[in-house]
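Below is target-v2.txt, holding compact mmCIF, N, CA and C atoms.
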# COMPACT_ATOMS: atom_id res chain seq x y z
N MET A 21 -2.84 -0.44 -46.94
CA MET A 21 -3.11 -1.20 -45.75
C MET A 21 -3.91 -0.37 -44.76
N ASP A 22 -4.94 -0.96 -44.25
CA ASP A 22 -5.72 -0.29 -43.21
C ASP A 22 -5.18 -0.69 -41.86
N LYS A 23 -4.63 0.27 -41.18
CA LYS A 23 -4.09 0.02 -39.85
C LYS A 23 -5.06 0.63 -38.84
N LYS A 24 -5.57 -0.19 -37.93
CA LYS A 24 -6.54 0.29 -36.97
C LYS A 24 -5.88 1.22 -35.96
N ASN A 25 -6.52 2.33 -35.71
CA ASN A 25 -6.02 3.30 -34.75
C ASN A 25 -6.24 2.75 -33.35
N THR A 26 -5.17 2.61 -32.57
CA THR A 26 -5.28 2.05 -31.22
C THR A 26 -5.15 3.12 -30.15
N HIS A 27 -5.23 4.37 -30.52
CA HIS A 27 -5.13 5.45 -29.55
C HIS A 27 -6.51 5.74 -28.96
N GLY A 28 -6.56 5.91 -27.65
CA GLY A 28 -7.80 6.26 -26.99
C GLY A 28 -8.74 5.08 -26.84
N GLY A 29 -9.83 5.32 -26.17
CA GLY A 29 -10.84 4.28 -25.99
C GLY A 29 -10.48 3.31 -24.88
N ALA A 30 -11.40 2.39 -24.63
CA ALA A 30 -11.20 1.40 -23.58
C ALA A 30 -10.19 0.34 -24.02
N ARG A 31 -9.30 -0.01 -23.10
CA ARG A 31 -8.32 -1.06 -23.36
C ARG A 31 -8.29 -1.99 -22.16
N LYS A 32 -7.86 -3.19 -22.39
CA LYS A 32 -7.78 -4.17 -21.32
C LYS A 32 -6.81 -3.67 -20.23
N ASN A 33 -7.21 -3.84 -18.97
CA ASN A 33 -6.41 -3.47 -17.80
C ASN A 33 -6.12 -1.97 -17.71
N SER A 34 -6.98 -1.15 -18.26
CA SER A 34 -6.76 0.30 -18.14
C SER A 34 -7.85 0.89 -17.24
N GLY A 35 -7.55 2.03 -16.67
CA GLY A 35 -8.52 2.72 -15.84
C GLY A 35 -8.44 2.29 -14.39
N ARG A 36 -9.35 2.83 -13.62
CA ARG A 36 -9.39 2.55 -12.18
C ARG A 36 -10.00 1.18 -11.92
N LEU A 37 -9.64 0.63 -10.76
CA LEU A 37 -10.24 -0.63 -10.34
C LEU A 37 -11.68 -0.38 -9.90
N LYS A 38 -12.52 -1.40 -10.09
CA LYS A 38 -13.89 -1.30 -9.62
C LYS A 38 -13.91 -1.46 -8.11
N LYS A 39 -14.97 -0.97 -7.47
CA LYS A 39 -15.09 -0.99 -6.01
C LYS A 39 -14.94 -2.40 -5.46
N ASP A 40 -15.58 -3.40 -6.10
CA ASP A 40 -15.49 -4.77 -5.60
C ASP A 40 -14.08 -5.34 -5.77
N GLU A 41 -13.35 -4.88 -6.78
CA GLU A 41 -11.96 -5.31 -6.96
C GLU A 41 -11.07 -4.73 -5.85
N ILE A 42 -11.34 -3.49 -5.47
CA ILE A 42 -10.57 -2.86 -4.40
C ILE A 42 -10.83 -3.56 -3.07
N ILE A 43 -12.11 -3.87 -2.79
CA ILE A 43 -12.45 -4.56 -1.55
C ILE A 43 -11.80 -5.93 -1.50
N SER A 44 -11.82 -6.63 -2.62
CA SER A 44 -11.20 -7.96 -2.69
C SER A 44 -9.69 -7.86 -2.46
N LEU A 45 -9.05 -6.85 -3.03
CA LEU A 45 -7.62 -6.65 -2.85
C LEU A 45 -7.29 -6.35 -1.39
N ILE A 46 -8.08 -5.51 -0.75
CA ILE A 46 -7.86 -5.18 0.67
C ILE A 46 -8.03 -6.42 1.53
N GLN A 47 -9.05 -7.22 1.26
CA GLN A 47 -9.27 -8.44 2.04
C GLN A 47 -8.11 -9.41 1.87
N THR A 48 -7.59 -9.52 0.65
CA THR A 48 -6.43 -10.40 0.40
C THR A 48 -5.21 -9.90 1.16
N MET A 49 -4.98 -8.59 1.13
CA MET A 49 -3.84 -8.03 1.85
C MET A 49 -3.98 -8.23 3.35
N ASP A 50 -5.19 -8.04 3.89
CA ASP A 50 -5.43 -8.22 5.32
C ASP A 50 -5.25 -9.68 5.75
N ALA A 51 -5.56 -10.60 4.85
CA ALA A 51 -5.39 -12.02 5.16
C ALA A 51 -3.91 -12.39 5.25
N ILE A 52 -3.09 -11.70 4.49
CA ILE A 52 -1.64 -11.99 4.51
C ILE A 52 -0.99 -11.40 5.75
N LYS A 53 -1.31 -10.16 6.06
CA LYS A 53 -0.69 -9.48 7.20
C LYS A 53 -1.71 -8.53 7.81
N ALA A 54 -1.90 -8.63 9.11
CA ALA A 54 -2.87 -7.78 9.80
C ALA A 54 -2.43 -6.32 9.75
N PRO A 55 -3.36 -5.40 9.48
CA PRO A 55 -3.00 -3.98 9.40
C PRO A 55 -2.33 -3.43 10.66
N LYS A 56 -2.73 -3.93 11.83
CA LYS A 56 -2.12 -3.44 13.08
C LYS A 56 -0.63 -3.74 13.11
N ASP A 57 -0.24 -4.91 12.58
CA ASP A 57 1.17 -5.27 12.53
C ASP A 57 1.95 -4.33 11.60
N ILE A 58 1.32 -3.97 10.50
CA ILE A 58 1.97 -3.07 9.53
C ILE A 58 2.16 -1.69 10.15
N TRP A 59 1.12 -1.16 10.82
CA TRP A 59 1.24 0.15 11.45
C TRP A 59 2.29 0.14 12.56
N ALA A 60 2.37 -0.98 13.28
CA ALA A 60 3.38 -1.09 14.35
C ALA A 60 4.79 -1.08 13.75
N ALA A 61 4.96 -1.79 12.63
CA ALA A 61 6.27 -1.81 11.97
C ALA A 61 6.63 -0.43 11.45
N LEU A 62 5.64 0.28 10.89
CA LEU A 62 5.88 1.63 10.40
C LEU A 62 6.24 2.56 11.56
N ALA A 63 5.54 2.43 12.68
CA ALA A 63 5.83 3.25 13.85
C ALA A 63 7.24 3.00 14.37
N THR A 64 7.68 1.75 14.33
CA THR A 64 9.04 1.42 14.76
C THR A 64 10.07 2.11 13.88
N LYS A 65 9.84 2.10 12.56
CA LYS A 65 10.77 2.77 11.64
C LYS A 65 10.76 4.28 11.85
N VAL A 66 9.58 4.84 12.16
CA VAL A 66 9.50 6.28 12.43
C VAL A 66 10.33 6.63 13.65
N LYS A 67 10.22 5.81 14.70
CA LYS A 67 10.98 6.06 15.93
C LYS A 67 12.48 5.96 15.70
N LYS A 68 12.90 5.13 14.72
CA LYS A 68 14.32 5.00 14.40
C LYS A 68 14.82 6.14 13.52
N GLY A 69 13.90 6.96 13.00
CA GLY A 69 14.30 8.11 12.20
C GLY A 69 14.35 7.85 10.70
N ASP A 70 13.73 6.78 10.23
CA ASP A 70 13.69 6.49 8.79
C ASP A 70 12.86 7.57 8.09
N THR A 71 13.51 8.35 7.22
CA THR A 71 12.83 9.50 6.61
C THR A 71 11.67 9.09 5.71
N ILE A 72 11.78 7.99 5.00
CA ILE A 72 10.68 7.54 4.15
C ILE A 72 9.49 7.13 5.01
N ALA A 73 9.75 6.45 6.13
CA ALA A 73 8.68 6.05 7.04
C ALA A 73 8.02 7.28 7.66
N ILE A 74 8.82 8.27 8.02
CA ILE A 74 8.28 9.51 8.58
C ILE A 74 7.38 10.20 7.56
N LYS A 75 7.84 10.28 6.32
CA LYS A 75 7.06 10.91 5.25
C LYS A 75 5.74 10.17 5.05
N THR A 76 5.79 8.83 5.02
CA THR A 76 4.58 8.03 4.86
C THR A 76 3.62 8.27 6.02
N TRP A 77 4.15 8.25 7.24
CA TRP A 77 3.33 8.45 8.44
C TRP A 77 2.63 9.81 8.38
N LEU A 78 3.38 10.85 8.05
CA LEU A 78 2.81 12.20 8.00
C LEU A 78 1.76 12.33 6.90
N GLN A 79 1.99 11.68 5.75
CA GLN A 79 1.02 11.76 4.66
C GLN A 79 -0.29 11.10 5.04
N TYR A 80 -0.22 9.98 5.76
CA TYR A 80 -1.45 9.32 6.19
C TYR A 80 -2.11 10.06 7.34
N ARG A 81 -1.32 10.67 8.19
CA ARG A 81 -1.87 11.36 9.36
C ARG A 81 -2.44 12.73 9.00
N TYR A 82 -1.73 13.51 8.21
CA TYR A 82 -2.12 14.88 7.91
C TYR A 82 -2.49 15.11 6.44
N GLY A 83 -2.24 14.15 5.59
CA GLY A 83 -2.55 14.31 4.17
C GLY A 83 -1.37 14.93 3.42
N MET A 84 -1.47 14.88 2.12
CA MET A 84 -0.42 15.45 1.29
C MET A 84 -0.43 16.97 1.43
N PRO A 85 0.74 17.58 1.47
CA PRO A 85 0.77 19.04 1.54
C PRO A 85 0.27 19.65 0.22
N LYS A 86 -0.30 20.84 0.34
CA LYS A 86 -0.79 21.53 -0.84
C LYS A 86 0.39 21.89 -1.73
N GLN A 87 0.27 21.52 -2.99
CA GLN A 87 1.34 21.81 -3.94
C GLN A 87 1.14 23.21 -4.51
N VAL A 88 2.20 23.96 -4.52
CA VAL A 88 2.16 25.32 -5.03
C VAL A 88 2.89 25.34 -6.36
N VAL A 89 2.21 25.85 -7.37
CA VAL A 89 2.79 25.94 -8.70
C VAL A 89 2.95 27.40 -9.05
N ASP A 90 4.16 27.79 -9.40
CA ASP A 90 4.43 29.17 -9.79
C ASP A 90 4.06 29.32 -11.26
N SER A 91 3.01 30.07 -11.52
CA SER A 91 2.54 30.22 -12.89
C SER A 91 2.92 31.56 -13.50
N THR A 92 3.83 32.26 -12.87
CA THR A 92 4.26 33.54 -13.42
C THR A 92 5.45 33.30 -14.35
N THR A 93 5.22 33.50 -15.60
CA THR A 93 6.26 33.33 -16.61
C THR A 93 6.30 34.58 -17.47
N THR A 94 7.45 35.14 -17.57
CA THR A 94 7.59 36.31 -18.42
C THR A 94 8.52 35.97 -19.57
N LEU A 95 8.00 36.09 -20.75
CA LEU A 95 8.79 35.83 -21.95
C LEU A 95 8.85 37.10 -22.78
N ASN A 96 9.96 37.27 -23.39
CA ASN A 96 10.14 38.42 -24.26
C ASN A 96 10.44 37.87 -25.65
N ILE A 97 9.72 38.34 -26.63
CA ILE A 97 9.88 37.84 -28.00
C ILE A 97 11.31 38.08 -28.50
N ASN A 98 11.99 39.07 -27.95
CA ASN A 98 13.35 39.37 -28.39
C ASN A 98 14.36 38.37 -27.84
N ASP A 99 13.95 37.53 -26.89
CA ASP A 99 14.84 36.53 -26.33
C ASP A 99 15.02 35.32 -27.25
N TYR A 100 14.17 35.20 -28.26
CA TYR A 100 14.20 34.03 -29.12
C TYR A 100 14.40 34.44 -30.57
N ASP A 101 15.09 33.57 -31.28
CA ASP A 101 15.27 33.78 -32.70
C ASP A 101 14.17 33.01 -33.42
N LEU A 102 13.27 33.71 -34.09
CA LEU A 102 12.13 33.07 -34.73
C LEU A 102 12.54 32.10 -35.83
N LYS A 103 13.73 32.27 -36.38
CA LYS A 103 14.20 31.35 -37.41
C LYS A 103 14.36 29.94 -36.86
N ASP A 104 14.69 29.81 -35.57
CA ASP A 104 14.83 28.49 -34.95
C ASP A 104 13.48 27.78 -34.86
N PHE A 105 12.41 28.54 -34.66
CA PHE A 105 11.09 27.94 -34.55
C PHE A 105 10.54 27.50 -35.91
N ILE A 106 10.97 28.15 -36.95
CA ILE A 106 10.47 27.83 -38.29
C ILE A 106 11.07 26.53 -38.80
N LYS A 107 12.28 26.23 -38.38
CA LYS A 107 12.97 25.02 -38.86
C LYS A 107 12.25 23.79 -38.52

Representation of the structure as structure tokens:
Amino acid sequence: MDKKNTHGGARKNSGRLKKDEIISLIQTMDAIKAPKDIWAALATKVKKGDTIAIKTWLQYRYGMPKQVVDSTTTLNINDYDLKDFIK
């Protein structure tokens, strides 16, 4: 039986949205609720101390903080039993 490989390549509904799709989505969202109302609601939650609202506010105001990744790893070959890797 020939089974077609479905890994990789273009697939329906995959990848980023096109620019015109993004603009259409924003216009639809703005038609439902005005952005000023949303920001006012978020500001109200921030004033009440909602931590998720505060985090959202700070991310939009100052951007995401720089993520630091610790890439120092020290391994010693004597720490592992090579027989376990062969199995």

Could you give me the residues within chain A that DSSP places in alpha helix (DSSP H), as a PyMOL selection string? chain A and resi 39-52+55-68+71-82+102-106

For the residues selected in the previous step, produce a file with N, CA and C atoms as a compact mmCIF listing (two decimals), keeping the file's coordinate frame.
# COMPACT_ATOMS: atom_id res chain seq x y z
N LYS A 39 -14.97 -0.97 -7.47
CA LYS A 39 -15.09 -0.99 -6.01
C LYS A 39 -14.94 -2.40 -5.46
N ASP A 40 -15.58 -3.40 -6.10
CA ASP A 40 -15.49 -4.77 -5.60
C ASP A 40 -14.08 -5.34 -5.77
N GLU A 41 -13.35 -4.88 -6.78
CA GLU A 41 -11.96 -5.31 -6.96
C GLU A 41 -11.07 -4.73 -5.85
N ILE A 42 -11.34 -3.49 -5.47
CA ILE A 42 -10.57 -2.86 -4.40
C ILE A 42 -10.83 -3.56 -3.07
N ILE A 43 -12.11 -3.87 -2.79
CA ILE A 43 -12.45 -4.56 -1.55
C ILE A 43 -11.80 -5.93 -1.50
N SER A 44 -11.82 -6.63 -2.62
CA SER A 44 -11.20 -7.96 -2.69
C SER A 44 -9.69 -7.86 -2.46
N LEU A 45 -9.05 -6.85 -3.03
CA LEU A 45 -7.62 -6.65 -2.85
C LEU A 45 -7.29 -6.35 -1.39
N ILE A 46 -8.08 -5.51 -0.75
CA ILE A 46 -7.86 -5.18 0.67
C ILE A 46 -8.03 -6.42 1.53
N GLN A 47 -9.05 -7.22 1.26
CA GLN A 47 -9.27 -8.44 2.04
C GLN A 47 -8.11 -9.41 1.87
N THR A 48 -7.59 -9.52 0.65
CA THR A 48 -6.43 -10.40 0.40
C THR A 48 -5.21 -9.90 1.16
N MET A 49 -4.98 -8.59 1.13
CA MET A 49 -3.84 -8.03 1.85
C MET A 49 -3.98 -8.23 3.35
N ASP A 50 -5.19 -8.04 3.89
CA ASP A 50 -5.43 -8.22 5.32
C ASP A 50 -5.25 -9.68 5.75
N ALA A 51 -5.56 -10.60 4.85
CA ALA A 51 -5.39 -12.02 5.16
C ALA A 51 -3.91 -12.39 5.25
N ILE A 52 -3.09 -11.70 4.49
CA ILE A 52 -1.64 -11.99 4.51
C ILE A 52 -0.99 -11.40 5.75
N PRO A 55 -3.36 -5.40 9.48
CA PRO A 55 -3.00 -3.98 9.40
C PRO A 55 -2.33 -3.43 10.66
N LYS A 56 -2.73 -3.93 11.83
CA LYS A 56 -2.12 -3.44 13.08
C LYS A 56 -0.63 -3.74 13.11
N ASP A 57 -0.24 -4.91 12.58
CA ASP A 57 1.17 -5.27 12.53
C ASP A 57 1.95 -4.33 11.60
N ILE A 58 1.32 -3.97 10.50
CA ILE A 58 1.97 -3.07 9.53
C ILE A 58 2.16 -1.69 10.15
N TRP A 59 1.12 -1.16 10.82
CA TRP A 59 1.24 0.15 11.45
C TRP A 59 2.29 0.14 12.56
N ALA A 60 2.37 -0.98 13.28
CA ALA A 60 3.38 -1.09 14.35
C ALA A 60 4.79 -1.08 13.75
N ALA A 61 4.96 -1.79 12.63
CA ALA A 61 6.27 -1.81 11.97
C ALA A 61 6.63 -0.43 11.45
N LEU A 62 5.64 0.28 10.89
CA LEU A 62 5.88 1.63 10.40
C LEU A 62 6.24 2.56 11.56
N ALA A 63 5.54 2.43 12.68
CA ALA A 63 5.83 3.25 13.85
C ALA A 63 7.24 3.00 14.37
N THR A 64 7.68 1.75 14.33
CA THR A 64 9.04 1.42 14.76
C THR A 64 10.07 2.11 13.88
N LYS A 65 9.84 2.10 12.56
CA LYS A 65 10.77 2.77 11.64
C LYS A 65 10.76 4.28 11.85
N VAL A 66 9.58 4.84 12.16
CA VAL A 66 9.50 6.28 12.43
C VAL A 66 10.33 6.63 13.65
N LYS A 67 10.22 5.81 14.70
CA LYS A 67 10.98 6.06 15.93
C LYS A 67 12.48 5.96 15.70
N LYS A 68 12.90 5.13 14.72
CA LYS A 68 14.32 5.00 14.40
C LYS A 68 14.82 6.14 13.52
N THR A 71 13.51 8.35 7.22
CA THR A 71 12.83 9.50 6.61
C THR A 71 11.67 9.09 5.71
N ILE A 72 11.78 7.99 5.00
CA ILE A 72 10.68 7.54 4.15
C ILE A 72 9.49 7.13 5.01
N ALA A 73 9.75 6.45 6.13
CA ALA A 73 8.68 6.05 7.04
C ALA A 73 8.02 7.28 7.66
N ILE A 74 8.82 8.27 8.02
CA ILE A 74 8.28 9.51 8.58
C ILE A 74 7.38 10.20 7.56
N LYS A 75 7.84 10.28 6.32
CA LYS A 75 7.06 10.91 5.25
C LYS A 75 5.74 10.17 5.05
N THR A 76 5.79 8.83 5.02
CA THR A 76 4.58 8.03 4.86
C THR A 76 3.62 8.27 6.02
N TRP A 77 4.15 8.25 7.24
CA TRP A 77 3.33 8.45 8.44
C TRP A 77 2.63 9.81 8.38
N LEU A 78 3.38 10.85 8.05
CA LEU A 78 2.81 12.20 8.00
C LEU A 78 1.76 12.33 6.90
N GLN A 79 1.99 11.68 5.75
CA GLN A 79 1.02 11.76 4.66
C GLN A 79 -0.29 11.10 5.04
N TYR A 80 -0.22 9.98 5.76
CA TYR A 80 -1.45 9.32 6.19
C TYR A 80 -2.11 10.06 7.34
N ARG A 81 -1.32 10.67 8.19
CA ARG A 81 -1.87 11.36 9.36
C ARG A 81 -2.44 12.73 9.00
N TYR A 82 -1.73 13.51 8.21
CA TYR A 82 -2.12 14.88 7.91
C TYR A 82 -2.49 15.11 6.44
N LEU A 102 13.27 33.71 -34.09
CA LEU A 102 12.13 33.07 -34.73
C LEU A 102 12.54 32.10 -35.83
N LYS A 103 13.73 32.27 -36.38
CA LYS A 103 14.20 31.35 -37.41
C LYS A 103 14.36 29.94 -36.86
N ASP A 104 14.69 29.81 -35.57
CA ASP A 104 14.83 28.49 -34.95
C ASP A 104 13.48 27.78 -34.86
N PHE A 105 12.41 28.54 -34.66
CA PHE A 105 11.09 27.94 -34.55
C PHE A 105 10.54 27.50 -35.91
N ILE A 106 10.97 28.15 -36.95
CA ILE A 106 10.47 27.83 -38.29
C ILE A 106 11.07 26.53 -38.80

Set up a box along x, y and z of the file covering all listed atoms of stretch 55-58 of chain A, add 3 Å on every one of the six sides, and write the centre and edge lengths in Å to one decimal, as AutoDock Vina command-line options.
--center_x -0.6 --center_y -3.5 --center_z 11.3 --size_x 11.5 --size_y 9.7 --size_z 9.7

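From atom CA of A:Pro55 back to atom CA of A:Gln79, the distance works out to 16.9 Å.
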
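Atom CA of A:Ile58 is found 13.4 Å from atom CA of A:Ile46.
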
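Our summary of the geometry notes that atom C of A:Lys65 is positioned 23.0 Å from atom N of A:Lys86.
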